[in-house]
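Asks: Contents of entry.cif (mmCIF, N, CA and C atoms and all ligand atoms) are given next:
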data_model
loop_
_atom_site.label_atom_id
_atom_site.label_comp_id
_atom_site.auth_asym_id
_atom_site.auth_seq_id
_atom_site.Cartn_x
_atom_site.Cartn_y
_atom_site.Cartn_z
N MET A 1 3.56 15.49 -17.89
CA MET A 1 4.08 14.84 -16.68
C MET A 1 5.38 14.13 -17.00
N LYS A 2 6.43 14.52 -16.32
CA LYS A 2 7.76 13.99 -16.61
C LYS A 2 7.98 12.71 -15.82
N SER A 3 8.27 11.63 -16.52
CA SER A 3 8.46 10.37 -15.80
C SER A 3 9.88 10.28 -15.25
N LEU A 4 10.10 9.29 -14.40
CA LEU A 4 11.43 9.09 -13.83
C LEU A 4 12.39 8.65 -14.93
N ASN A 5 13.68 8.80 -14.70
CA ASN A 5 14.62 8.36 -15.72
C ASN A 5 14.72 6.84 -15.74
N LYS A 6 15.18 6.33 -16.87
CA LYS A 6 15.16 4.91 -17.13
C LYS A 6 15.93 4.11 -16.08
N LYS A 7 17.06 4.66 -15.69
CA LYS A 7 17.92 3.96 -14.73
C LYS A 7 17.19 3.78 -13.40
N ASP A 8 16.55 4.86 -12.94
CA ASP A 8 15.81 4.77 -11.68
C ASP A 8 14.66 3.77 -11.80
N LEU A 9 13.94 3.85 -12.91
CA LEU A 9 12.80 2.94 -13.11
C LEU A 9 13.25 1.49 -13.04
N LEU A 10 14.38 1.20 -13.70
CA LEU A 10 14.89 -0.16 -13.68
C LEU A 10 15.24 -0.60 -12.26
N GLU A 11 15.81 0.34 -11.52
CA GLU A 11 16.20 0.06 -10.14
C GLU A 11 14.96 -0.28 -9.29
N TYR A 12 13.92 0.55 -9.44
CA TYR A 12 12.68 0.31 -8.68
C TYR A 12 12.02 -0.99 -9.13
N LYS A 13 12.09 -1.24 -10.42
CA LYS A 13 11.48 -2.44 -10.96
C LYS A 13 12.15 -3.68 -10.35
N LYS A 14 13.49 -3.64 -10.31
CA LYS A 14 14.25 -4.75 -9.74
C LYS A 14 13.82 -4.98 -8.29
N GLN A 15 13.72 -3.88 -7.56
CA GLN A 15 13.35 -3.95 -6.15
C GLN A 15 11.94 -4.55 -5.99
N LEU A 16 11.02 -4.08 -6.82
CA LEU A 16 9.63 -4.55 -6.74
C LEU A 16 9.53 -6.03 -7.09
N VAL A 17 10.27 -6.43 -8.13
CA VAL A 17 10.23 -7.83 -8.54
C VAL A 17 10.78 -8.73 -7.42
N ASN A 18 11.87 -8.27 -6.79
CA ASN A 18 12.43 -9.03 -5.67
C ASN A 18 11.45 -9.14 -4.51
N LEU A 19 10.82 -8.01 -4.18
CA LEU A 19 9.84 -8.00 -3.09
C LEU A 19 8.69 -8.95 -3.40
N ARG A 20 8.23 -8.90 -4.65
CA ARG A 20 7.11 -9.75 -5.05
C ARG A 20 7.50 -11.22 -4.90
N LYS A 21 8.73 -11.53 -5.33
CA LYS A 21 9.20 -12.91 -5.26
C LYS A 21 9.22 -13.38 -3.81
N GLU A 22 9.80 -12.57 -2.94
CA GLU A 22 9.90 -12.94 -1.53
C GLU A 22 8.52 -13.07 -0.90
N LEU A 23 7.68 -12.07 -1.18
CA LEU A 23 6.34 -12.07 -0.58
C LEU A 23 5.51 -13.25 -1.05
N SER A 24 5.55 -13.53 -2.35
CA SER A 24 4.69 -14.62 -2.83
C SER A 24 5.23 -15.97 -2.38
N SER A 25 6.55 -16.10 -2.25
CA SER A 25 7.06 -17.37 -1.75
C SER A 25 6.66 -17.55 -0.29
N GLN A 26 6.66 -16.46 0.47
CA GLN A 26 6.23 -16.54 1.87
C GLN A 26 4.75 -16.85 1.96
N THR A 27 3.95 -16.20 1.08
CA THR A 27 2.52 -16.42 1.12
C THR A 27 2.19 -17.87 0.78
N LYS A 28 2.87 -18.40 -0.22
CA LYS A 28 2.65 -19.79 -0.60
C LYS A 28 3.02 -20.71 0.55
N LYS A 29 4.15 -20.40 1.19
CA LYS A 29 4.61 -21.21 2.30
C LYS A 29 3.56 -21.19 3.42
N ASP A 30 2.99 -20.00 3.66
CA ASP A 30 1.96 -19.89 4.71
C ASP A 30 0.78 -20.79 4.40
N LEU A 31 0.35 -20.78 3.15
CA LEU A 31 -0.80 -21.59 2.76
C LEU A 31 -0.50 -23.07 2.97
N LYS A 32 0.71 -23.45 2.59
CA LYS A 32 1.08 -24.86 2.65
C LYS A 32 1.25 -25.31 4.10
N ASP A 33 1.97 -24.51 4.88
CA ASP A 33 2.29 -24.94 6.24
C ASP A 33 1.21 -24.62 7.26
N GLY A 34 0.26 -23.78 6.88
CA GLY A 34 -0.79 -23.42 7.82
C GLY A 34 -0.26 -22.60 8.98
N MET A 35 -0.93 -22.72 10.11
CA MET A 35 -0.62 -21.87 11.25
C MET A 35 0.81 -22.03 11.75
N GLU A 36 1.38 -23.20 11.60
CA GLU A 36 2.72 -23.43 12.14
C GLU A 36 3.77 -22.51 11.51
N SER A 37 3.48 -22.05 10.31
CA SER A 37 4.47 -21.24 9.60
C SER A 37 4.64 -19.86 10.23
N VAL A 38 3.68 -19.44 11.01
CA VAL A 38 3.72 -18.08 11.54
C VAL A 38 5.00 -17.86 12.35
N ARG A 39 5.34 -18.85 13.18
CA ARG A 39 6.55 -18.72 13.99
C ARG A 39 7.80 -18.66 13.11
N ASP A 40 7.87 -19.57 12.14
CA ASP A 40 9.01 -19.57 11.21
C ASP A 40 9.11 -18.24 10.49
N ASP A 41 7.94 -17.77 10.08
CA ASP A 41 7.84 -16.52 9.37
C ASP A 41 8.45 -15.38 10.17
N LEU A 42 8.11 -15.32 11.43
CA LEU A 42 8.62 -14.25 12.28
C LEU A 42 10.14 -14.33 12.37
N LYS A 43 10.64 -15.56 12.44
CA LYS A 43 12.08 -15.74 12.50
C LYS A 43 12.73 -15.20 11.22
N ASP A 44 12.10 -15.54 10.08
CA ASP A 44 12.60 -15.04 8.79
C ASP A 44 12.62 -13.52 8.77
N ILE A 45 11.56 -12.93 9.29
CA ILE A 45 11.46 -11.47 9.30
C ILE A 45 12.63 -10.88 10.09
N ASP A 46 12.93 -11.48 11.23
CA ASP A 46 14.04 -11.00 12.05
C ASP A 46 15.36 -11.06 11.27
N ASP A 47 15.60 -12.20 10.65
CA ASP A 47 16.84 -12.36 9.89
C ASP A 47 16.93 -11.32 8.79
N PHE A 48 15.81 -11.15 8.11
CA PHE A 48 15.80 -10.21 7.00
C PHE A 48 16.00 -8.78 7.47
N ALA A 49 15.35 -8.45 8.56
CA ALA A 49 15.42 -7.07 9.05
C ALA A 49 16.86 -6.67 9.33
N GLN A 50 17.67 -7.64 9.78
CA GLN A 50 19.05 -7.31 10.08
C GLN A 50 19.86 -7.06 8.80
N ASN A 51 19.51 -7.79 7.75
CA ASN A 51 20.27 -7.66 6.51
C ASN A 51 19.78 -6.50 5.64
N GLU A 52 18.48 -6.26 5.67
CA GLU A 52 17.89 -5.30 4.76
C GLU A 52 17.19 -4.20 5.55
N ASN A 53 17.98 -3.38 6.18
CA ASN A 53 17.39 -2.35 7.02
C ASN A 53 16.62 -1.30 6.23
N ASP A 54 16.93 -1.17 4.95
CA ASP A 54 16.30 -0.09 4.19
C ASP A 54 14.84 -0.37 3.86
N ILE A 55 14.43 -1.64 3.88
CA ILE A 55 13.04 -1.95 3.56
C ILE A 55 12.38 -2.65 4.74
N ASP A 56 11.29 -2.07 5.23
CA ASP A 56 10.68 -2.64 6.43
C ASP A 56 9.48 -3.52 6.09
N ILE A 57 9.44 -4.03 4.86
CA ILE A 57 8.32 -4.85 4.43
C ILE A 57 8.18 -6.10 5.30
N TRP A 58 9.28 -6.54 5.89
CA TRP A 58 9.25 -7.78 6.67
C TRP A 58 8.62 -7.60 8.02
N ALA A 59 8.31 -6.36 8.35
CA ALA A 59 7.64 -6.12 9.61
C ALA A 59 6.13 -6.19 9.45
N ILE A 60 5.64 -6.29 8.23
CA ILE A 60 4.19 -6.27 8.02
C ILE A 60 3.58 -7.62 8.35
N GLY A 61 2.31 -7.59 8.74
CA GLY A 61 1.62 -8.82 9.14
C GLY A 61 1.27 -9.68 7.95
N ASN A 62 1.03 -10.97 8.22
CA ASN A 62 0.68 -11.91 7.16
C ASN A 62 -0.55 -11.46 6.38
N ASN A 63 -1.53 -10.91 7.10
CA ASN A 63 -2.78 -10.56 6.43
C ASN A 63 -2.63 -9.34 5.53
N GLN A 64 -1.51 -8.63 5.67
CA GLN A 64 -1.29 -7.46 4.81
C GLN A 64 -0.49 -7.82 3.58
N LYS A 65 0.09 -9.02 3.56
CA LYS A 65 0.97 -9.37 2.46
C LYS A 65 0.24 -9.35 1.12
N HIS A 66 -0.97 -9.88 1.13
CA HIS A 66 -1.73 -9.93 -0.12
C HIS A 66 -1.97 -8.52 -0.65
N GLU A 67 -2.33 -7.62 0.26
CA GLU A 67 -2.56 -6.23 -0.11
C GLU A 67 -1.31 -5.61 -0.73
N VAL A 68 -0.16 -5.90 -0.12
CA VAL A 68 1.09 -5.35 -0.62
C VAL A 68 1.41 -5.94 -1.99
N LEU A 69 1.13 -7.24 -2.16
CA LEU A 69 1.38 -7.87 -3.46
C LEU A 69 0.59 -7.17 -4.57
N ILE A 70 -0.65 -6.83 -4.25
CA ILE A 70 -1.48 -6.12 -5.24
C ILE A 70 -0.85 -4.77 -5.58
N LYS A 71 -0.37 -4.07 -4.54
CA LYS A 71 0.26 -2.77 -4.77
C LYS A 71 1.52 -2.91 -5.62
N ILE A 72 2.27 -4.01 -5.37
CA ILE A 72 3.48 -4.24 -6.15
C ILE A 72 3.11 -4.46 -7.62
N GLU A 73 2.06 -5.25 -7.86
CA GLU A 73 1.61 -5.48 -9.24
C GLU A 73 1.23 -4.15 -9.90
N ASN A 74 0.49 -3.33 -9.16
CA ASN A 74 0.10 -2.02 -9.68
C ASN A 74 1.32 -1.18 -10.03
N ALA A 75 2.30 -1.19 -9.12
CA ALA A 75 3.50 -0.39 -9.33
C ALA A 75 4.25 -0.87 -10.57
N LEU A 76 4.32 -2.20 -10.76
CA LEU A 76 5.02 -2.74 -11.93
C LEU A 76 4.29 -2.35 -13.22
N THR A 77 2.96 -2.37 -13.16
CA THR A 77 2.18 -1.93 -14.32
C THR A 77 2.47 -0.47 -14.63
N LYS A 78 2.57 0.33 -13.56
CA LYS A 78 2.83 1.76 -13.75
C LYS A 78 4.22 1.99 -14.32
N ILE A 79 5.18 1.13 -13.95
CA ILE A 79 6.51 1.26 -14.53
C ILE A 79 6.42 1.03 -16.03
N GLU A 80 5.67 0.01 -16.44
CA GLU A 80 5.49 -0.28 -17.87
C GLU A 80 4.82 0.90 -18.58
N ASN A 81 3.84 1.50 -17.92
CA ASN A 81 3.10 2.62 -18.52
C ASN A 81 3.81 3.95 -18.36
N LYS A 82 4.97 3.94 -17.70
CA LYS A 82 5.74 5.14 -17.42
C LYS A 82 4.97 6.16 -16.59
N THR A 83 4.09 5.69 -15.72
CA THR A 83 3.40 6.60 -14.80
C THR A 83 3.84 6.34 -13.37
N TYR A 84 4.89 5.52 -13.22
CA TYR A 84 5.36 5.18 -11.88
C TYR A 84 6.03 6.38 -11.21
N GLY A 85 5.84 6.49 -9.90
CA GLY A 85 6.52 7.53 -9.14
C GLY A 85 5.69 8.77 -8.93
N PHE A 86 4.41 8.71 -9.37
CA PHE A 86 3.53 9.87 -9.18
C PHE A 86 2.36 9.50 -8.28
N CYS A 87 1.96 10.47 -7.46
CA CYS A 87 0.88 10.25 -6.51
C CYS A 87 -0.44 10.03 -7.23
N GLU A 88 -1.22 9.05 -6.77
CA GLU A 88 -2.49 8.75 -7.43
C GLU A 88 -3.55 9.80 -7.15
N LEU A 89 -3.36 10.59 -6.12
CA LEU A 89 -4.36 11.60 -5.78
C LEU A 89 -4.04 12.96 -6.38
N CYS A 90 -2.81 13.43 -6.21
CA CYS A 90 -2.50 14.80 -6.62
C CYS A 90 -1.58 14.85 -7.86
N ASN A 91 -1.13 13.66 -8.34
CA ASN A 91 -0.27 13.59 -9.53
C ASN A 91 1.09 14.25 -9.37
N GLN A 92 1.46 14.58 -8.15
CA GLN A 92 2.79 15.14 -7.92
C GLN A 92 3.79 14.00 -7.87
N LYS A 93 5.05 14.32 -8.21
CA LYS A 93 6.10 13.32 -8.14
C LYS A 93 6.32 12.92 -6.68
N ILE A 94 6.40 11.63 -6.45
CA ILE A 94 6.64 11.15 -5.09
C ILE A 94 8.12 11.27 -4.78
N ASN A 95 8.42 11.75 -3.60
CA ASN A 95 9.78 11.93 -3.11
C ASN A 95 10.62 10.65 -3.29
N ASP A 96 11.84 10.81 -3.81
CA ASP A 96 12.71 9.65 -4.08
C ASP A 96 12.96 8.80 -2.83
N ALA A 97 13.20 9.48 -1.72
CA ALA A 97 13.49 8.76 -0.48
C ALA A 97 12.30 7.89 -0.09
N ARG A 98 11.11 8.42 -0.32
CA ARG A 98 9.89 7.67 0.00
C ARG A 98 9.75 6.46 -0.91
N LEU A 99 10.03 6.65 -2.19
CA LEU A 99 9.95 5.54 -3.15
C LEU A 99 10.96 4.45 -2.82
N LYS A 100 12.13 4.90 -2.37
CA LYS A 100 13.16 3.91 -2.05
C LYS A 100 12.78 3.10 -0.83
N THR A 101 12.09 3.73 0.12
CA THR A 101 11.68 3.02 1.33
C THR A 101 10.47 2.13 1.05
N ILE A 102 9.49 2.69 0.33
CA ILE A 102 8.27 1.93 0.01
C ILE A 102 8.05 2.00 -1.50
N PRO A 103 8.75 1.15 -2.27
CA PRO A 103 8.68 1.28 -3.73
C PRO A 103 7.28 1.03 -4.30
N TYR A 104 6.40 0.42 -3.53
CA TYR A 104 5.05 0.13 -4.04
C TYR A 104 4.04 1.18 -3.58
N THR A 105 4.51 2.29 -3.01
CA THR A 105 3.58 3.29 -2.50
C THR A 105 2.78 3.93 -3.63
N GLU A 106 1.53 4.31 -3.33
CA GLU A 106 0.67 4.91 -4.35
C GLU A 106 0.44 6.39 -4.11
N LEU A 107 0.81 6.86 -2.91
CA LEU A 107 0.52 8.24 -2.54
C LEU A 107 1.79 8.97 -2.13
N CYS A 108 1.83 10.27 -2.40
CA CYS A 108 2.94 11.07 -1.90
C CYS A 108 2.76 11.27 -0.40
N ILE A 109 3.80 11.76 0.24
CA ILE A 109 3.76 11.86 1.70
C ILE A 109 2.63 12.80 2.16
N ASN A 110 2.39 13.87 1.40
CA ASN A 110 1.33 14.82 1.79
C ASN A 110 -0.04 14.16 1.79
N CYS A 111 -0.33 13.44 0.69
CA CYS A 111 -1.64 12.80 0.57
C CYS A 111 -1.78 11.67 1.59
N LYS A 112 -0.66 10.98 1.84
CA LYS A 112 -0.69 9.90 2.82
C LYS A 112 -1.02 10.46 4.20
N GLU A 113 -0.39 11.60 4.52
CA GLU A 113 -0.66 12.21 5.83
C GLU A 113 -2.10 12.66 5.93
N LYS A 114 -2.60 13.25 4.83
CA LYS A 114 -4.00 13.69 4.82
C LYS A 114 -4.92 12.51 5.01
N GLU A 115 -4.60 11.40 4.30
CA GLU A 115 -5.42 10.20 4.40
C GLU A 115 -5.46 9.71 5.84
N GLU A 116 -4.29 9.71 6.47
CA GLU A 116 -4.25 9.21 7.84
C GLU A 116 -4.96 10.14 8.80
N GLN A 117 -4.85 11.45 8.52
CA GLN A 117 -5.58 12.41 9.35
C GLN A 117 -7.08 12.21 9.23
N SER A 118 -7.55 12.01 8.00
CA SER A 118 -8.99 11.87 7.81
C SER A 118 -9.48 10.56 8.43
N LYS A 119 -8.61 9.55 8.45
CA LYS A 119 -8.97 8.31 9.14
C LYS A 119 -9.16 8.58 10.63
N ASP A 120 -8.20 9.33 11.21
CA ASP A 120 -8.31 9.66 12.62
C ASP A 120 -9.58 10.44 12.90
N GLU A 121 -9.84 11.42 12.02
CA GLU A 121 -11.01 12.25 12.22
C GLU A 121 -12.29 11.43 12.14
N SER A 122 -12.35 10.52 11.15
CA SER A 122 -13.57 9.75 11.01
C SER A 122 -13.76 8.83 12.22
N ALA A 123 -12.65 8.44 12.84
CA ALA A 123 -12.77 7.57 14.01
C ALA A 123 -13.31 8.33 15.21
N THR A 124 -12.96 9.63 15.30
CA THR A 124 -13.33 10.36 16.51
C THR A 124 -14.52 11.29 16.29
N LEU A 125 -14.68 11.81 15.07
CA LEU A 125 -15.68 12.85 14.87
C LEU A 125 -17.04 12.32 14.41
N TYR A 126 -17.07 11.15 13.81
CA TYR A 126 -18.35 10.65 13.34
C TYR A 126 -19.28 10.37 14.51
N PRO A 127 -20.56 10.71 14.35
CA PRO A 127 -21.51 10.48 15.44
C PRO A 127 -21.76 8.98 15.63
N PRO A 128 -22.25 8.59 16.78
CA PRO A 128 -22.60 7.18 16.98
C PRO A 128 -23.63 6.73 15.97
N LEU A 129 -23.77 5.41 15.79
CA LEU A 129 -24.65 4.87 14.75
C LEU A 129 -26.08 5.39 14.84
N GLU A 130 -26.62 5.52 16.05
CA GLU A 130 -28.01 5.96 16.21
C GLU A 130 -28.23 7.33 15.58
N ASP A 131 -27.30 8.25 15.88
CA ASP A 131 -27.39 9.60 15.33
C ASP A 131 -27.31 9.57 13.81
N LEU A 132 -26.42 8.72 13.31
CA LEU A 132 -26.21 8.63 11.88
C LEU A 132 -27.50 8.23 11.17
N LYS A 133 -28.23 7.29 11.77
CA LYS A 133 -29.49 6.81 11.18
C LYS A 133 -30.49 7.95 11.08
N GLU A 134 -30.60 8.75 12.14
CA GLU A 134 -31.54 9.87 12.13
C GLU A 134 -31.21 10.85 11.01
N ASN A 135 -29.92 11.14 10.87
CA ASN A 135 -29.49 12.07 9.82
C ASN A 135 -29.84 11.55 8.44
N ASN A 136 -29.64 10.25 8.24
CA ASN A 136 -29.90 9.66 6.93
C ASN A 136 -31.38 9.73 6.58
N ASP A 137 -32.26 9.61 7.58
CA ASP A 137 -33.70 9.64 7.32
C ASP A 137 -34.14 10.97 6.73
N GLU A 138 -33.43 12.03 7.07
CA GLU A 138 -33.80 13.35 6.57
C GLU A 138 -33.43 13.54 5.10
N GLU A 139 -32.52 12.69 4.61
CA GLU A 139 -32.05 12.87 3.24
C GLU A 139 -32.93 12.15 2.23
N GLU A 140 -33.42 12.90 1.26
CA GLU A 140 -34.19 12.28 0.17
C GLU A 140 -33.21 11.63 -0.80
N PRO A 141 -33.62 10.54 -1.48
CA PRO A 141 -32.73 9.95 -2.49
C PRO A 141 -32.42 10.97 -3.58
N SER A 142 -31.18 10.98 -4.00
CA SER A 142 -30.78 11.95 -5.01
C SER A 142 -31.40 11.64 -6.36
N GLU A 143 -31.77 12.67 -7.08
CA GLU A 143 -32.40 12.47 -8.39
C GLU A 143 -31.42 11.93 -9.43
N GLU A 144 -30.12 12.15 -9.15
CA GLU A 144 -29.10 11.66 -10.07
C GLU A 144 -29.16 10.15 -10.25
N THR A 145 -29.63 9.45 -9.21
CA THR A 145 -29.66 8.00 -9.29
C THR A 145 -30.81 7.49 -10.15
N LEU A 146 -31.84 8.37 -10.36
CA LEU A 146 -32.96 7.97 -11.20
C LEU A 146 -32.69 8.42 -12.63
N GLU A 147 -32.13 7.59 -13.39
CA GLU A 147 -31.72 7.96 -14.75
C GLU A 147 -32.90 8.48 -15.59
ZN ZN B 201 -0.29 13.36 -3.45
#
Do you think you could lay out the structure here as structure tokens?
Ligand SMILES: [Zn+2]
Replies:
Amino acid sequence: MKSLNKKDLLEYKKQLVNLRKELSSQTKKDLKDGMESVRDDLKDIDDFAQNENDIDIWAIGNNQKHEVLIKIENALTKIENKTYGFCELCNQKINDARLKTIPYTELCINCKEKEEQSKDESATLYPPLEDLKENNDEEEPSEETLE
């Protein structure tokens, strides 16, 4: 598996570190200021969106920030391990444009689309809870679980 070149990695690393800094300072501010910070936060997002059109991280909700921070940490670890830039599901190289837009992404565009499709399907195709219970009753416990 061929890793990204050093120059690109450094560039992504810089971007990730900056994002992490901004996100964690905002998260800390939220904790300190409580609910009142939400309005200020939105104002900050607006200001940022005008200056940094290439990254839409400022459009994400407060409750998603923690999740993104974890992804940023993972991405930084992957840069250290030289496994950054590859899809976690199919191991294909993630498109440069995608990495530049979402440097903390874990999936290539194909897998991401599949993931979103399967989410849609599970929302519409799964039977109601009652039906699900009946189906489960027919299934015997797997022998694999009995060591
Ligand atoms: Zn993939």
Asks: Suppose you want the space between CA of Asp30 (chain A) and CA of His66 (chain A); what is it in Å?
Replies: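 A separation of 11.7 Å between them.
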Asks: With a cut-off of 7 Å, could you pull out the residues of chain A touching ligand ZN 201 (chain B) and give me the nearest pair of atoms for each, distance in Å to one decimal, using all atoms listed in the file, ordered by chain and ascending number, as a Markdown table?
Replies:
| residue | atom | partner | partner_atom | distance |
| --- | --- | --- | --- | --- |
| A:Phe86 | C | B:ZN201 | ZN | 6.7 |
| A:Cys87 | CA | B:ZN201 | ZN | 4.5 |
| A:Glu88 | N | B:ZN201 | ZN | 5.5 |
| A:Leu89 | C | B:ZN201 | ZN | 4.8 |
| A:Cys90 | N | B:ZN201 | ZN | 3.7 |
| A:Asn91 | N | B:ZN201 | ZN | 5.0 |
| A:Gln92 | N | B:ZN201 | ZN | 5.2 |
| A:Leu107 | C | B:ZN201 | ZN | 5.0 |
| A:Cys108 | N | B:ZN201 | ZN | 3.9 |
| A:Ile109 | N | B:ZN201 | ZN | 5.7 |
| A:Asn110 | C | B:ZN201 | ZN | 5.3 |
| A:Cys111 | N | B:ZN201 | ZN | 4.1 |
| A:Lys112 | N | B:ZN201 | ZN | 5.8 |
Asks: Filtering to N, CA and C atoms, could you give me those residues as a PDB file, keeping the file's coordinate frame?
Replies:
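Result went into part.pdb, see below:
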ATOM      1  N   PHE A  86       4.410   8.710  -9.370  1.00  0.00           N
ATOM      2  CA  PHE A  86       3.530   9.870  -9.180  1.00  0.00           C
ATOM      3  C   PHE A  86       2.360   9.500  -8.280  1.00  0.00           C
ATOM      4  N   CYS A  87       1.960  10.470  -7.460  1.00  0.00           N
ATOM      5  CA  CYS A  87       0.880  10.250  -6.510  1.00  0.00           C
ATOM      6  C   CYS A  87      -0.440  10.030  -7.230  1.00  0.00           C
ATOM      7  N   GLU A  88      -1.220   9.050  -6.770  1.00  0.00           N
ATOM      8  CA  GLU A  88      -2.490   8.750  -7.430  1.00  0.00           C
ATOM      9  C   GLU A  88      -3.550   9.800  -7.150  1.00  0.00           C
ATOM     10  N   LEU A  89      -3.360  10.590  -6.120  1.00  0.00           N
ATOM     11  CA  LEU A  89      -4.360  11.600  -5.780  1.00  0.00           C
ATOM     12  C   LEU A  89      -4.040  12.960  -6.380  1.00  0.00           C
ATOM     13  N   CYS A  90      -2.810  13.430  -6.210  1.00  0.00           N
ATOM     14  CA  CYS A  90      -2.500  14.800  -6.620  1.00  0.00           C
ATOM     15  C   CYS A  90      -1.580  14.850  -7.860  1.00  0.00           C
ATOM     16  N   ASN A  91      -1.130  13.660  -8.340  1.00  0.00           N
ATOM     17  CA  ASN A  91      -0.270  13.590  -9.530  1.00  0.00           C
ATOM     18  C   ASN A  91       1.090  14.250  -9.370  1.00  0.00           C
ATOM     19  N   GLN A  92       1.460  14.580  -8.150  1.00  0.00           N
ATOM     20  CA  GLN A  92       2.790  15.140  -7.920  1.00  0.00           C
ATOM     21  C   GLN A  92       3.790  14.000  -7.870  1.00  0.00           C
ATOM     22  N   LEU A 107       0.810   6.860  -2.910  1.00  0.00           N
ATOM     23  CA  LEU A 107       0.520   8.240  -2.540  1.00  0.00           C
ATOM     24  C   LEU A 107       1.790   8.970  -2.130  1.00  0.00           C
ATOM     25  N   CYS A 108       1.830  10.270  -2.400  1.00  0.00           N
ATOM     26  CA  CYS A 108       2.940  11.070  -1.900  1.00  0.00           C
ATOM     27  C   CYS A 108       2.760  11.270  -0.400  1.00  0.00           C
ATOM     28  N   ILE A 109       3.800  11.760   0.240  1.00  0.00           N
ATOM     29  CA  ILE A 109       3.760  11.860   1.700  1.00  0.00           C
ATOM     30  C   ILE A 109       2.630  12.800   2.160  1.00  0.00           C
ATOM     31  N   ASN A 110       2.390  13.870   1.400  1.00  0.00           N
ATOM     32  CA  ASN A 110       1.330  14.820   1.790  1.00  0.00           C
ATOM     33  C   ASN A 110      -0.040  14.160   1.790  1.00  0.00           C
ATOM     34  N   CYS A 111      -0.330  13.440   0.690  1.00  0.00           N
ATOM     35  CA  CYS A 111      -1.640  12.800   0.570  1.00  0.00           C
ATOM     36  C   CYS A 111      -1.780  11.670   1.590  1.00  0.00           C
ATOM     37  N   LYS A 112      -0.660  10.980   1.840  1.00  0.00           N
ATOM     38  CA  LYS A 112      -0.690   9.900   2.820  1.00  0.00           C
ATOM     39  C   LYS A 112      -1.020  10.460   4.200  1.00  0.00           C
TER      40      LYS A 112
END
Asks: Counting only C-alpha atoms, what is within 12 Å of Leu10 (chain A), bar same-chain residues fewer than 2 positions away, as a PyMOL selection string?
Replies: chain A and resi 4-8+12-17+76+79-80+82+84+103
Asks: Using CA of Ile70 (chain A) and CA of Ile94 (chain A) as the two end points, give the distance in Å to one decimal.
Replies: 19.1 Å
Asks: So how far away is CA of Ile72 (chain A) from CA of Tyr104 (chain A), in Å?
Replies: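 That distance, rounded to one decimal, is 5.1 Å.
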